[in-house]
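Following: one structure in structure tokens, then a few remarks.
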Amino acid sequence: MWGFPLFPEQASTVAGQIDLLYFALVGLSLIFAGILPFVVLYLIVRYHRSMKADRSNPINSSLKLELTWSIIPFILSMGVFFWSTFLFFQINADPDDPLEIYVIGKQWMWHLQHPNGKRENNELHVPVGQPIKLIMTSQDVIHSFYIPAFRLKKDVVPGRYTTMWFEPTKTGEYHLFCAEYCGTEHSAMIGRVVVLPLPDYQRWLTTEEPAILPDGSTISTGVSSDSGGSMAEIGAQVFQQQGCVSCHRTDSAARAPVLNNIFGKPTSLASGETLTVDEEYLRESILRPQAKITVGYGPIMPTFEGQLTEDQVLQLIAYIKSLSDVDANEENQ
Ligand SMILES: [Cu+2]
């Protein structure tokens, strides 16, 4: 084998399809860019002034020829358009019941947290054969989460969440890059994705390893330790510590909407708008509550902008989501 492969392995469900489209585009380009110049060259030589050629009957126009060179490229380009649009939608549509992992980019590392609270840096452990959704944000500048073997890349932007999903098809270790120039050590912002069989992943989830938080402090990770438990459990603690609970409560002293079972459901705003509660809306509701006021309530919620770390915002979101899961499950029973 070559020590320097031209193509990374295909290790996700979409990798093969993306390569096929890519090769088709390269093929088409080669046909047009590679063959046409030779035809032009041939004609230049064939009909050069010094060449003996039949010039008695020059063709001024040919409808048949013009239709051919219009219709064939039209069909080809529309084919490429529908093919790539179909792929685009397929890659961006949310999968059913994915495993959600939270990603924070910062100069110059990736910080990841699994739902059970386990954290890791510059490494992403995932189980094979299962859809995985990354919910990503940045603490400083724009980064880009790039896994060549999965043929996936998505910008990681401060102040908002972007998501990306994939389903690894092969166990192994794959490169993880930052693909957006983000400062001096951008080129060192690299890591690896480790795809494990499901039982190994579950074992990995519960083992102890120290991890470094985005603020530089070190903590131990793993659910059995004093790390504080799952993301939702830590979120519940933040909810207490930050005083959210003094307004958002279920008893008669409540001055704010109950947050149970709101995730994924429509909510009505004082402006008359209705929207579905997602991560982005929760983030804005916490950091800039005045931006969208829930109908029936006053604009009394203080802003938490600058008072919570990206980590804590994600934990609060995981907590609010878990309130919805509990309720959904109860309804199903
Ligand atoms: Cu970066």
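By convention in this document, the chains of the structure tokens carry letters A, B, ... by their order, each chain's residues are numbered from 1, and ligands are numbered from 1 in the order they are shown.
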For A:Leu269, please output as a PyMOL selection string all residues within 8 Å (counting only C-alpha atoms; exclusion window: fewer than 3 positions along the same chain). chain A and resi 272-275+292-295
Take the residues just selected and output them with C-alpha atoms as a PDB file, in the first residue's frame.
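Everything below was put into part.pdb:
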ATOM      1  CA  GLY A 272     -47.694  36.344  18.352  1.00  0.00           C
ATOM      2  CA  GLU A 273     -45.123  34.026  16.794  1.00  0.00           C
ATOM      3  CA  THR A 274     -45.047  30.311  17.476  1.00  0.00           C
ATOM      4  CA  LEU A 275     -41.875  28.280  17.281  1.00  0.00           C
ATOM      5  CA  LYS A 292     -38.212  36.270  22.755  1.00  0.00           C
ATOM      6  CA  ILE A 293     -40.767  36.594  25.552  1.00  0.00           C
ATOM      7  CA  THR A 294     -43.046  33.646  26.262  1.00  0.00           C
ATOM      8  CA  VAL A 295     -46.698  34.649  25.993  1.00  0.00           C
TER       9      VAL A 295
END
Produce a table with one row for each residue of chain A that has an atom at most 9 Å from any atom of ligand 1, each row naming the nearest atom pair and its distance in Å at one decimal; use only C-alpha atoms and all ligand atoms; arrange rows by chain and rising residue number; format as a Markdown table.
| residue | atom | partner | partner_atom_place_in_ligand_line | distance |
| --- | --- | --- | --- | --- |
| A:Gly105 | CA | ligand 1 | 1 (Cu) | 6.8 |
| A:Lys106 | CA | ligand 1 | 1 (Cu) | 6.7 |
| A:Gln107 | CA | ligand 1 | 1 (Cu) | 6.1 |
| A:Trp108 | CA | ligand 1 | 1 (Cu) | 5.8 |
| A:Met109 | CA | ligand 1 | 1 (Cu) | 7.1 |
| A:Trp110 | CA | ligand 1 | 1 (Cu) | 8.2 |
| A:Val141 | CA | ligand 1 | 1 (Cu) | 7.6 |
| A:Ile142 | CA | ligand 1 | 1 (Cu) | 6.8 |
| A:His143 | CA | ligand 1 | 1 (Cu) | 4.0 |
| A:Ser144 | CA | ligand 1 | 1 (Cu) | 6.2 |
| A:Phe145 | CA | ligand 1 | 1 (Cu) | 8.1 |
| A:Val156 | CA | ligand 1 | 1 (Cu) | 8.6 |
| A:Phe177 | CA | ligand 1 | 1 (Cu) | 8.1 |
| A:Cys178 | CA | ligand 1 | 1 (Cu) | 4.7 |
| A:Ala179 | CA | ligand 1 | 1 (Cu) | 6.8 |
| A:Glu180 | CA | ligand 1 | 1 (Cu) | 5.8 |
| A:Tyr181 | CA | ligand 1 | 1 (Cu) | 6.2 |
| A:Cys182 | CA | ligand 1 | 1 (Cu) | 4.6 |
| A:Gly183 | CA | ligand 1 | 1 (Cu) | 7.4 |
| A:Glu185 | CA | ligand 1 | 1 (Cu) | 8.2 |
| A:His186 | CA | ligand 1 | 1 (Cu) | 5.3 |
| A:Ser187 | CA | ligand 1 | 1 (Cu) | 8.1 |
| A:Ala188 | CA | ligand 1 | 1 (Cu) | 8.7 |
| A:Met189 | CA | ligand 1 | 1 (Cu) | 5.9 |
| A:Ile190 | CA | ligand 1 | 1 (Cu) | 8.6 |
For the residues in the current selection, export C-alpha atoms as a CSV table (one decimal), in the first residue's frame.
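So part12.csv came out as:
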chain,number,residue,atom,x,y,z
A,105,GLY,CA,-14.4,24.3,20.1
A,106,LYS,CA,-11.8,26.7,21.5
A,107,GLN,CA,-8.4,28.0,20.6
A,108,TRP,CA,-7.0,25.4,20.1
A,109,MET,CA,-8.7,22.3,21.1
A,110,TRP,CA,-11.9,20.3,21.0
A,141,VAL,CA,-13.7,32.1,17.1
A,142,ILE,CA,-15.2,30.1,14.2
A,143,HIS,CA,-13.8,26.6,14.0
A,144,SER,CA,-14.8,23.7,11.8
A,145,PHE,CA,-15.3,20.1,12.8
A,156,VAL,CA,-18.5,25.6,14.7
A,177,PHE,CA,-9.2,18.3,12.0
A,178,CYS,CA,-10.2,21.9,12.5
A,179,ALA,CA,-10.8,23.1,9.0
A,180,GLU,CA,-11.3,26.8,9.6
A,181,TYR,CA,-8.2,28.9,10.2
A,182,CYS,CA,-8.5,29.9,13.8
A,183,GLY,CA,-5.2,31.4,14.9
A,185,GLU,CA,-2.0,27.0,16.6
A,186,HIS,CA,-4.8,26.2,14.2
A,187,SER,CA,-2.7,23.5,12.6
A,188,ALA,CA,-2.2,21.8,16.0
A,189,MET,CA,-6.0,21.7,16.5
A,190,ILE,CA,-6.1,18.0,15.6
Using backbone DSSP assignments, extract all helix (DSSP H, G or I) residues from stretch 7-71 of chain A; output them as a ChimeraX atom specification. /A:15-46,63-71
Could you tell me how far atom CA of A:Ile135 lies from atom CA of A:Thr162, in Å and to one decimal? 6.0 Å
Using only C-alpha atoms, which of the listed residues (A:Leu67, A:Leu25, A:Asp311, A:Met164) sits closest to A:His111?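 Closest to A:His111 of all the choices is A:Asp311.
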Which polymer residues have any atom within 12 Å of an atom of stretch 26-33 of chain A, counting only C-alpha atoms, with same-chain residues fewer than 6 positions away left out, as a list in words? Asp19, Leu20, Val39, Val40, Trp69, Ile72, Pro73, Leu76, Ser77, Gly79 and Val80 of chain A
Which is closer to A:Val195 than all the others in A:Asn121, A:Ser252, A:Gln130, A:Ser246, using only C-alpha atoms?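 Of the candidates, the smallest distance to A:Val195 is held by A:Gln130.
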Going by DSSP on the backbone, which residues of stretch 105-310 of chain A come out as strand (DSSP E)? List them as a ChimeraX atom specification. /A:105-106,109-113,119-121,123-127,132-138,143-147,152-156,162-166,172-178,190-196,210-212,218-220,266-268,274-276
Point-to-point distance in Å for atom CA of A:Ala254 and atom CA of A:Leu314: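 Separating atom CA of A:Leu314 from atom CA of A:Ala254 is a distance of 23.8 Å.
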A:Ser12, A:Thr267, A:Thr207, A:Gln17 ranked by distance to A:Phe88, top pick (using only C-alpha atoms):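 Closest candidate: A:Gln17.
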Skip stretch 170-176 of chain A itself and residues of its chain fewer than 6 positions away, then list as an MDAnalysis selection string all residues within 10 Å of it, counting only C-alpha atoms. chainID A and resid 8:13 110 122:129 145:150 153 189:198
Output N, CA and C atoms of each residue in that selection to a file, as an mmCIF file, in the first residue's frame.
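Okay, this is what ended up in result_38.cif:
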data_model
loop_
_atom_site.group_PDB
_atom_site.id
_atom_site.type_symbol
_atom_site.label_atom_id
_atom_site.label_comp_id
_atom_site.auth_asym_id
_atom_site.auth_seq_id
_atom_site.Cartn_x
_atom_site.Cartn_y
_atom_site.Cartn_z
ATOM 1 N N PRO A 8 -8.957 9.253 1.945
ATOM 2 C CA PRO A 8 -9.152 8.658 3.268
ATOM 3 C C PRO A 8 -10.129 7.497 3.166
ATOM 4 N N GLU A 9 -10.089 6.633 4.169
ATOM 5 C CA GLU A 9 -11.018 5.504 4.215
ATOM 6 C C GLU A 9 -12.468 5.978 4.158
ATOM 7 N N GLN A 10 -13.340 5.119 3.723
ATOM 8 C CA GLN A 10 -14.776 5.437 3.787
ATOM 9 C C GLN A 10 -15.332 4.776 5.043
ATOM 10 N N ALA A 11 -15.670 5.575 6.034
ATOM 11 C CA ALA A 11 -16.048 4.972 7.311
ATOM 12 C C ALA A 11 -17.394 5.434 7.847
ATOM 13 N N SER A 12 -18.199 6.087 6.995
ATOM 14 C CA SER A 12 -19.544 6.440 7.448
ATOM 15 C C SER A 12 -20.542 6.068 6.369
ATOM 16 N N THR A 13 -21.832 6.104 6.717
ATOM 17 C CA THR A 13 -22.855 5.672 5.770
ATOM 18 C C THR A 13 -22.920 6.563 4.528
ATOM 19 N N TRP A 110 -10.522 20.710 20.945
ATOM 20 C CA TRP A 110 -11.921 20.299 20.954
ATOM 21 C C TRP A 110 -12.240 19.728 22.314
ATOM 22 N N ASN A 122 -10.055 16.531 22.357
ATOM 23 C CA ASN A 122 -9.417 16.180 21.083
ATOM 24 C C ASN A 122 -9.581 14.712 20.709
ATOM 25 N N GLU A 123 -10.496 14.038 21.359
ATOM 26 C CA GLU A 123 -10.781 12.654 21.020
ATOM 27 C C GLU A 123 -12.276 12.490 21.104
ATOM 28 N N LEU A 124 -12.798 11.743 20.157
ATOM 29 C CA LEU A 124 -14.234 11.481 20.202
ATOM 30 C C LEU A 124 -14.426 9.979 20.102
ATOM 31 N N HIS A 125 -14.931 9.394 21.176
ATOM 32 C CA HIS A 125 -15.227 7.966 21.160
ATOM 33 C C HIS A 125 -16.696 7.780 20.812
ATOM 34 N N VAL A 126 -16.961 6.942 19.826
ATOM 35 C CA VAL A 126 -18.347 6.690 19.438
ATOM 36 C C VAL A 126 -18.536 5.207 19.147
ATOM 37 N N PRO A 127 -19.763 4.711 19.291
ATOM 38 C CA PRO A 127 -20.030 3.320 18.943
ATOM 39 C C PRO A 127 -20.263 3.180 17.437
ATOM 40 N N VAL A 128 -19.920 2.024 16.897
ATOM 41 C CA VAL A 128 -20.104 1.778 15.463
ATOM 42 C C VAL A 128 -21.582 1.468 15.187
ATOM 43 N N GLY A 129 -22.030 1.777 13.968
ATOM 44 C CA GLY A 129 -23.368 1.358 13.536
ATOM 45 C C GLY A 129 -24.511 2.053 14.231
ATOM 46 N N PHE A 145 -15.459 21.487 12.358
ATOM 47 C CA PHE A 145 -15.270 20.101 12.775
ATOM 48 C C PHE A 145 -15.226 19.230 11.522
ATOM 49 N N TYR A 146 -14.079 18.611 11.278
ATOM 50 C CA TYR A 146 -13.877 17.919 10.009
ATOM 51 C C TYR A 146 -13.373 16.498 10.231
ATOM 52 N N ILE A 147 -14.122 15.525 9.762
ATOM 53 C CA ILE A 147 -13.702 14.120 9.842
ATOM 54 C C ILE A 147 -13.656 13.581 8.411
ATOM 55 N N PRO A 148 -12.449 13.604 7.793
ATOM 56 C CA PRO A 148 -12.362 13.204 6.381
ATOM 57 C C PRO A 148 -12.911 11.809 6.105
ATOM 58 N N ALA A 149 -12.665 10.860 7.002
ATOM 59 C CA ALA A 149 -13.102 9.485 6.738
ATOM 60 C C ALA A 149 -14.628 9.374 6.726
ATOM 61 N N PHE A 150 -15.302 10.324 7.333
ATOM 62 C CA PHE A 150 -16.772 10.326 7.315
ATOM 63 C C PHE A 150 -17.288 11.256 6.217
ATOM 64 N N LYS A 153 -17.995 17.825 7.329
ATOM 65 C CA LYS A 153 -17.342 19.028 7.828
ATOM 66 C C LYS A 153 -18.422 20.049 8.146
ATOM 67 N N MET A 189 -4.631 21.951 15.996
ATOM 68 C CA MET A 189 -5.957 21.652 16.546
ATOM 69 C C MET A 189 -6.485 20.376 15.907
ATOM 70 N N ILE A 190 -5.808 19.285 16.228
ATOM 71 C CA ILE A 190 -6.141 18.018 15.598
ATOM 72 C C ILE A 190 -6.443 16.976 16.666
ATOM 73 N N GLY A 191 -7.127 15.968 16.264
ATOM 74 C CA GLY A 191 -7.461 14.915 17.211
ATOM 75 C C GLY A 191 -7.835 13.651 16.479
ATOM 76 N N ARG A 192 -8.534 12.768 17.167
ATOM 77 C CA ARG A 192 -8.950 11.550 16.480
ATOM 78 C C ARG A 192 -10.333 11.124 16.925
ATOM 79 N N VAL A 193 -10.969 10.425 16.011
ATOM 80 C CA VAL A 193 -12.269 9.843 16.311
ATOM 81 C C VAL A 193 -12.031 8.348 16.469
ATOM 82 N N VAL A 194 -12.435 7.806 17.590
ATOM 83 C CA VAL A 194 -12.244 6.381 17.841
ATOM 84 C C VAL A 194 -13.606 5.698 17.782
ATOM 85 N N VAL A 195 -13.765 4.836 16.775
ATOM 86 C CA VAL A 195 -15.037 4.123 16.627
ATOM 87 C C VAL A 195 -14.888 2.734 17.248
ATOM 88 N N LEU A 196 -15.733 2.461 18.231
ATOM 89 C CA LEU A 196 -15.628 1.219 18.998
ATOM 90 C C LEU A 196 -16.881 0.362 18.806
ATOM 91 N N PRO A 197 -16.741 -0.957 19.004
ATOM 92 C CA PRO A 197 -17.952 -1.781 19.073
ATOM 93 C C PRO A 197 -18.772 -1.323 20.286
ATOM 94 N N LEU A 198 -20.087 -1.462 20.209
ATOM 95 C CA LEU A 198 -20.973 -0.916 21.249
ATOM 96 C C LEU A 198 -20.578 -1.299 22.676
#
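For the set A:Glu100, A:Leu308, A:Ser61, A:Leu323, the residue with the smallest atom-to-atom gap to A:Val258 is A:Leu323, counting only C-alpha atoms.
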Distance criterion (only C-alpha atoms): nearest to A:Val238 out of A:Thr169, A:Thr250, A:Thr163, A:Gln315: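 Distance minimum relative to A:Val238 lands on A:Gln315.
Taking only C-alpha atoms into account, A:Phe82 lies nearest to A:Leu21 out of the set A:Tyr297, A:Glu284, A:Ile317, A:Leu21.
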Kindly give the distance, in Å, that separates atom CA of A:Ser322 and atom CA of A:Arg119, rounded to a single decimal.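 If I compute the distance from atom CA of A:Ser322 to atom CA of A:Arg119, I get 18.6 Å.
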